[in-house]
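Engineer: If it helps, the file is called coords01.txt and holds compact mmCIF, C-alpha atoms and all ligand atoms:
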```txt
# COMPACT_ATOMS: atom_id res chain seq x y z
CA MET A 1 101.32 -48.79 -96.27
CA THR A 2 103.75 -51.00 -98.19
CA ASP A 3 105.02 -52.75 -95.07
CA GLN A 4 101.61 -53.73 -93.83
CA ASN A 5 100.84 -57.39 -93.56
CA LEU A 6 97.34 -57.82 -94.92
CA ASP A 7 96.88 -61.20 -93.25
CA LYS A 8 96.40 -59.55 -89.89
CA ILE A 9 94.12 -56.94 -88.40
CA ALA A 10 95.81 -53.64 -87.65
CA ASP A 11 94.80 -50.00 -87.27
CA GLY A 12 93.57 -48.28 -90.41
CA LEU A 13 92.76 -51.48 -92.32
CA VAL A 14 89.32 -52.43 -93.58
CA VAL A 15 88.26 -55.66 -91.90
CA SER A 16 85.43 -57.89 -93.08
CA ILE A 17 83.86 -60.18 -90.49
CA HIS A 18 80.90 -62.43 -90.00
CA TYR A 19 79.53 -62.25 -86.48
CA THR A 20 76.74 -63.42 -84.25
CA LEU A 21 75.85 -61.50 -81.10
CA THR A 22 74.22 -63.36 -78.22
CA LEU A 23 73.28 -62.06 -74.79
CA ASP A 24 74.05 -63.92 -71.55
CA ASN A 25 70.46 -65.23 -71.47
CA GLY A 26 71.11 -66.98 -74.79
CA GLU A 27 69.05 -64.57 -76.90
CA GLU A 28 70.59 -63.94 -80.32
CA VAL A 29 70.13 -60.22 -81.00
CA ASP A 30 72.15 -59.69 -84.16
CA SER A 31 73.96 -61.70 -86.78
CA SER A 32 75.50 -61.17 -90.19
CA ALA A 33 74.69 -64.78 -91.16
CA GLY A 34 72.83 -64.80 -94.46
CA ARG A 35 73.74 -61.16 -95.07
CA GLU A 36 76.75 -59.27 -96.37
CA PRO A 37 79.60 -59.42 -93.89
CA LEU A 38 80.25 -56.42 -91.67
CA GLU A 39 83.09 -54.19 -92.88
CA TYR A 40 84.71 -51.64 -90.61
CA ILE A 41 87.94 -49.67 -90.38
CA HIS A 42 89.98 -51.01 -87.49
CA GLY A 43 90.99 -48.53 -84.81
CA GLN A 44 88.28 -45.98 -85.56
CA GLN A 45 85.60 -47.10 -83.10
CA GLY A 46 83.41 -48.52 -85.85
CA ILE A 47 82.57 -51.43 -83.55
CA VAL A 48 82.27 -51.70 -79.76
CA PRO A 49 85.63 -51.14 -78.00
CA GLY A 50 85.82 -54.55 -76.30
CA LEU A 51 85.44 -56.38 -79.60
CA GLU A 52 87.81 -54.10 -81.49
CA ARG A 53 90.52 -54.66 -78.88
CA GLU A 54 90.25 -58.46 -79.11
CA LEU A 55 90.32 -58.40 -82.92
CA ALA A 56 93.61 -56.49 -83.08
CA GLY A 57 96.28 -58.80 -84.48
CA CYS A 58 93.85 -61.55 -85.48
CA HIS A 59 94.51 -63.18 -88.83
CA VAL A 60 92.31 -63.89 -91.81
CA GLY A 61 90.37 -67.12 -91.32
CA GLN A 62 90.53 -66.93 -87.55
CA LYS A 63 87.39 -67.67 -85.56
CA LEU A 64 87.05 -66.35 -82.06
CA GLU A 65 84.55 -65.88 -79.28
CA VAL A 66 84.68 -62.62 -77.39
CA LYS A 67 82.82 -61.70 -74.21
CA VAL A 68 82.39 -57.94 -73.88
CA THR A 69 81.34 -56.29 -70.62
CA PRO A 70 78.78 -53.45 -70.74
CA GLU A 71 81.59 -50.96 -70.01
CA ASP A 72 83.41 -52.13 -73.15
CA GLY A 73 80.16 -52.49 -75.08
CA TYR A 74 77.21 -50.13 -75.19
CA GLY A 75 77.79 -48.75 -71.71
CA PRO A 76 75.98 -49.30 -68.42
CA ARG A 77 72.22 -48.81 -68.27
CA VAL A 78 71.51 -45.42 -66.70
CA ALA A 79 68.25 -45.05 -64.77
CA GLU A 80 68.23 -41.26 -65.28
CA ALA A 81 68.13 -41.81 -69.02
CA ARG A 82 64.42 -42.61 -68.68
CA GLN A 83 62.32 -39.48 -69.06
CA ASP A 84 58.63 -38.66 -69.00
CA VAL A 85 57.27 -36.71 -71.95
CA PRO A 86 53.67 -35.35 -72.02
CA ILE A 87 51.69 -37.36 -74.55
CA ASP A 88 50.66 -34.23 -76.49
CA GLN A 89 54.32 -33.66 -77.36
CA MET A 90 54.62 -37.04 -79.02
CA PRO A 91 53.57 -38.13 -82.50
CA GLU A 92 50.13 -39.71 -82.76
CA GLY A 93 49.99 -43.49 -82.52
CA VAL A 94 53.15 -43.78 -80.42
CA GLN A 95 53.61 -47.34 -79.14
CA PRO A 96 55.98 -49.04 -76.68
CA GLY A 97 58.97 -50.48 -78.52
CA MET A 98 59.04 -47.73 -81.15
CA GLN A 99 62.20 -45.79 -81.87
CA LEU A 100 61.91 -42.04 -82.37
CA GLN A 101 64.38 -39.39 -83.41
CA ALA A 102 64.78 -36.53 -80.97
CA GLU A 103 66.95 -33.47 -81.07
CA ALA A 104 69.20 -32.94 -78.06
CA PRO A 105 69.80 -29.41 -76.70
CA THR A 106 73.18 -29.59 -78.45
CA GLY A 107 71.41 -30.03 -81.79
CA GLU A 108 72.58 -33.61 -82.07
CA VAL A 109 69.97 -36.04 -83.36
CA MET A 110 69.58 -39.09 -81.14
CA ILE A 111 67.41 -42.16 -81.11
CA VAL A 112 65.11 -42.63 -78.14
CA HIS A 113 63.18 -45.77 -77.34
CA VAL A 114 59.59 -45.68 -76.22
CA ALA A 115 59.41 -47.71 -73.01
CA GLU A 116 55.85 -47.01 -71.81
CA VAL A 117 52.74 -45.19 -73.03
CA THR A 118 49.90 -44.08 -70.75
CA ALA A 119 46.96 -41.73 -71.36
CA GLU A 120 48.97 -38.75 -70.12
CA LYS A 121 52.58 -39.46 -70.79
CA VAL A 122 55.19 -41.40 -72.67
CA VAL A 123 58.29 -42.76 -70.97
CA VAL A 124 61.26 -42.60 -73.31
CA ASP A 125 64.58 -44.33 -72.71
CA LEU A 126 67.79 -42.77 -73.99
CA ASN A 127 69.83 -45.87 -73.17
CA HIS A 128 71.04 -47.91 -76.09
CA PRO A 129 68.85 -51.05 -76.21
CA LEU A 130 71.95 -53.13 -75.44
CA ALA A 131 73.20 -50.88 -72.62
CA GLY A 132 73.92 -52.91 -69.48
CA GLU A 133 74.20 -56.16 -71.44
CA THR A 134 77.20 -58.44 -71.61
CA LEU A 135 77.78 -59.13 -75.31
CA ASN A 136 78.94 -62.53 -76.53
CA PHE A 137 80.34 -62.29 -80.04
CA ALA A 138 81.20 -65.25 -82.25
CA VAL A 139 83.35 -63.80 -85.01
CA GLU A 140 85.06 -65.08 -88.14
CA VAL A 141 87.64 -62.85 -89.82
CA LEU A 142 86.99 -63.03 -93.57
CA SER A 143 89.40 -60.53 -95.08
CA VAL A 144 91.63 -57.58 -94.37
CA ARG A 145 92.55 -54.93 -96.93
CA ALA A 146 94.00 -51.46 -97.09
CA ALA A 147 91.46 -48.65 -96.76
CA THR A 148 91.07 -46.28 -99.69
CA PRO A 149 91.92 -42.60 -99.08
CA GLU A 150 88.20 -41.86 -99.39
CA GLU A 151 87.32 -44.42 -96.71
CA LEU A 152 89.95 -43.01 -94.36
CA ASP A 153 88.63 -39.54 -95.05
CA HIS A 154 85.06 -40.63 -94.21
CA GLY A 155 86.09 -42.75 -91.23
CA HIS A 156 84.11 -45.80 -92.37
CA ALA A 157 84.34 -48.63 -94.88
CA HIS A 158 82.56 -48.49 -98.22
CA GLY A 159 80.90 -51.64 -99.52
CA PRO A 160 81.55 -53.40 -102.84
CA GLY A 161 79.15 -50.93 -104.49
CA GLY A 162 81.49 -48.14 -103.44
CA HIS A 163 80.41 -44.75 -102.34
CA ASP A 164 76.65 -44.28 -102.04
CA HIS A 165 76.25 -41.28 -99.79
ZN ZN B 1 81.64 -42.70 -96.86
```
Let's see the structure in the file written out as structure tokens.
Structural biologist:
Amino acid sequence: MTDQNLDKIADGLVVSIHYTLTLDNGEEVDSSAGREPLEYIHGQQGIVPGLERELAGCHVGQKLEVKVTPEDGYGPRVAEARQDVPIDQMPEGVQPGMQLQAEAPTGEVMIVHVAEVTAEKVVVDLNHPLAGETLNFAVEVLSVRAATPEELDHGHAHGPGGHDH
């Protein structure tokens, strides 16, 4: 690690950024403005691939705008990912727009989005809400530092408060 230049983003370093995410229709869907900056370990898929690739080699203080295609973002929207579920298998009071946890056959817990509710059935959507969207990121690189052994072990950055999980 001694040779690493901590002015520039490289694999295995903890990067702190401020970002704003806007869709092609101009809708702002996420931003770190007014919050703690986002910290992630570069090169470990902590952020969408298209953004991570563009950030490689960027220096502290740099501002950039990155357009990310769905393929390099949250993936294409898949029509088959919409499924009907009988209403009696859903929790009471289910509403369109809700997010529910479901267990996949593999045992993996996933988030599903409630798209429609009728008297008989609920249509759930397994697509990420940003699947199929082109993502426009405005990013400012705030700092770059070496990851701690614990962070590398966990595969994610720990905030200023340290380890809380
Ligand atoms: Zn951790």
Engineer: Could you please determine the separation between CA of Gly73 in chain A and CA of Ile47 in chain A in Å, to one decimal place?
Structural biologist: 8.9 Å
Engineer: Can you tell me, as a PDB file with C-alpha atoms, in the coordinates of the input, which residues sit within 9 Å of (73.5, -66.5, -83.3) in the file's frame, using all atoms listed in the file?
Structural biologist:
```
ATOM      1  CA  TYR A  19      79.530 -62.250 -86.480  1.00  0.00           C
ATOM      2  CA  THR A  20      76.740 -63.420 -84.250  1.00  0.00           C
ATOM      3  CA  LEU A  21      75.850 -61.500 -81.100  1.00  0.00           C
ATOM      4  CA  THR A  22      74.220 -63.360 -78.220  1.00  0.00           C
ATOM      5  CA  GLY A  26      71.110 -66.980 -74.790  1.00  0.00           C
ATOM      6  CA  GLU A  27      69.050 -64.570 -76.900  1.00  0.00           C
ATOM      7  CA  GLU A  28      70.590 -63.940 -80.320  1.00  0.00           C
ATOM      8  CA  VAL A  29      70.130 -60.220 -81.000  1.00  0.00           C
ATOM      9  CA  ASP A  30      72.150 -59.690 -84.160  1.00  0.00           C
ATOM     10  CA  SER A  31      73.960 -61.700 -86.780  1.00  0.00           C
ATOM     11  CA  SER A  32      75.500 -61.170 -90.190  1.00  0.00           C
ATOM     12  CA  ALA A  33      74.690 -64.780 -91.160  1.00  0.00           C
ATOM     13  CA  PHE A 137      80.340 -62.290 -80.040  1.00  0.00           C
ATOM     14  CA  ALA A 138      81.200 -65.250 -82.250  1.00  0.00           C
TER      15      ALA A 138
END
```
Engineer: Which residues are near ligand ZN 1 (chain B) - at most 7 Å, using all atoms listed in the file? Format: as a PyMOL selection string.
Structural biologist: chain A and resi 151+154+156-158+163+165
Engineer: If we count all atoms listed in the file and set the cut-off at 9 Å, which residues sit around Val66 in chain A, ignoring sequence neighbours fewer than 2 positions away in its own chain? Please answer as an mmCIF file with C-alpha atoms, in the coordinates of the input.
Structural biologist:
```
data_model
loop_
_atom_site.group_PDB
_atom_site.id
_atom_site.type_symbol
_atom_site.label_atom_id
_atom_site.label_comp_id
_atom_site.auth_asym_id
_atom_site.auth_seq_id
_atom_site.Cartn_x
_atom_site.Cartn_y
_atom_site.Cartn_z
ATOM 1 C CA GLY A 50 85.820 -54.550 -76.300
ATOM 2 C CA LEU A 51 85.440 -56.380 -79.600
ATOM 3 C CA GLU A 54 90.250 -58.460 -79.110
ATOM 4 C CA LEU A 55 90.320 -58.400 -82.920
ATOM 5 C CA LEU A 64 87.050 -66.350 -82.060
ATOM 6 C CA VAL A 68 82.390 -57.940 -73.880
ATOM 7 C CA LEU A 135 77.780 -59.130 -75.310
ATOM 8 C CA ASN A 136 78.940 -62.530 -76.530
ATOM 9 C CA PHE A 137 80.340 -62.290 -80.040
ATOM 10 C CA ALA A 138 81.200 -65.250 -82.250
ATOM 11 C CA VAL A 139 83.350 -63.800 -85.010
#
```
Engineer: If you count all atoms listed in the file, which residues fall within 9 Å of range 78-90 of chain A, apart from same-chain ones fewer than 5 positions away, as a list in words?
Structural biologist: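 So, after excluding close chain neighbours, the residues are Ala115, Val117, Thr118, Ala119, Glu120, Lys121, Val122, Val123, Val124, Asp125, Leu126, Asn127, Ala131 and Gly132 of chain A.
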Engineer: Given only C-alpha atoms as the basis, pick out the residue of A:Glu71, A:Glu36, A:Glu65, A:Glu103 nearest to Glu133 in chain A.
Structural biologist: A:Glu71
Engineer: One decimal, in Å: what's the spacing between CA of His59 in chain A and CA of Pro37 in chain A?
Structural biologist: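 CA of Pro37 in chain A lies 16.2 Å from CA of His59 in chain A.
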Engineer: For Gly57 in chain A, which residue among A:Gly159, A:Leu6, A:Thr106, A:Gly34 is the nearest when counting all atoms listed in the file?
Structural biologist: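 Between A:Gly159, A:Leu6, A:Thr106, A:Gly34, the residue approaching Gly57 in chain A most closely is A:Leu6.
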Engineer: Within 9 Å of Lys8 in chain A, counting all atoms listed in the file, which residues show up once you throw out same-chain ones fewer than 5 positions away? Write them as a PyMOL selection string, please.
Structural biologist: chain A and resi 56-60+143-144
Engineer: One number please: CA of Glu92 in chain A to CA of Val114 in chain A, in Å, one decimal.
Structural biologist: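 So the answer is 13.0 Å.
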Engineer: Give me the residues within 8 Å of Ala146 in chain A as a list in words, counting all atoms listed in the file and dropping any in the same chain fewer than 4 places off.
Structural biologist: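 The contact residues come out as Met1, Leu6, Gly12, Leu13 and Val14 of chain A.
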Engineer: Looking at all atoms listed in the file, which of A:Pro160, A:His18, A:Lys67, A:Asp7 is the one that sits closest to Glu140 in chain A?
Structural biologist: A:His18
Engineer: Rank A:Asp11, A:Asp24, A:Leu38, A:Gly97 by their smallest atom-to-atom distance to Leu142 in chain A, using all atoms listed in the file, and report the top residue only.
Structural biologist: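 Looking only at the distances to Leu142 in chain A, the closest residue turns out to be A:Leu38.
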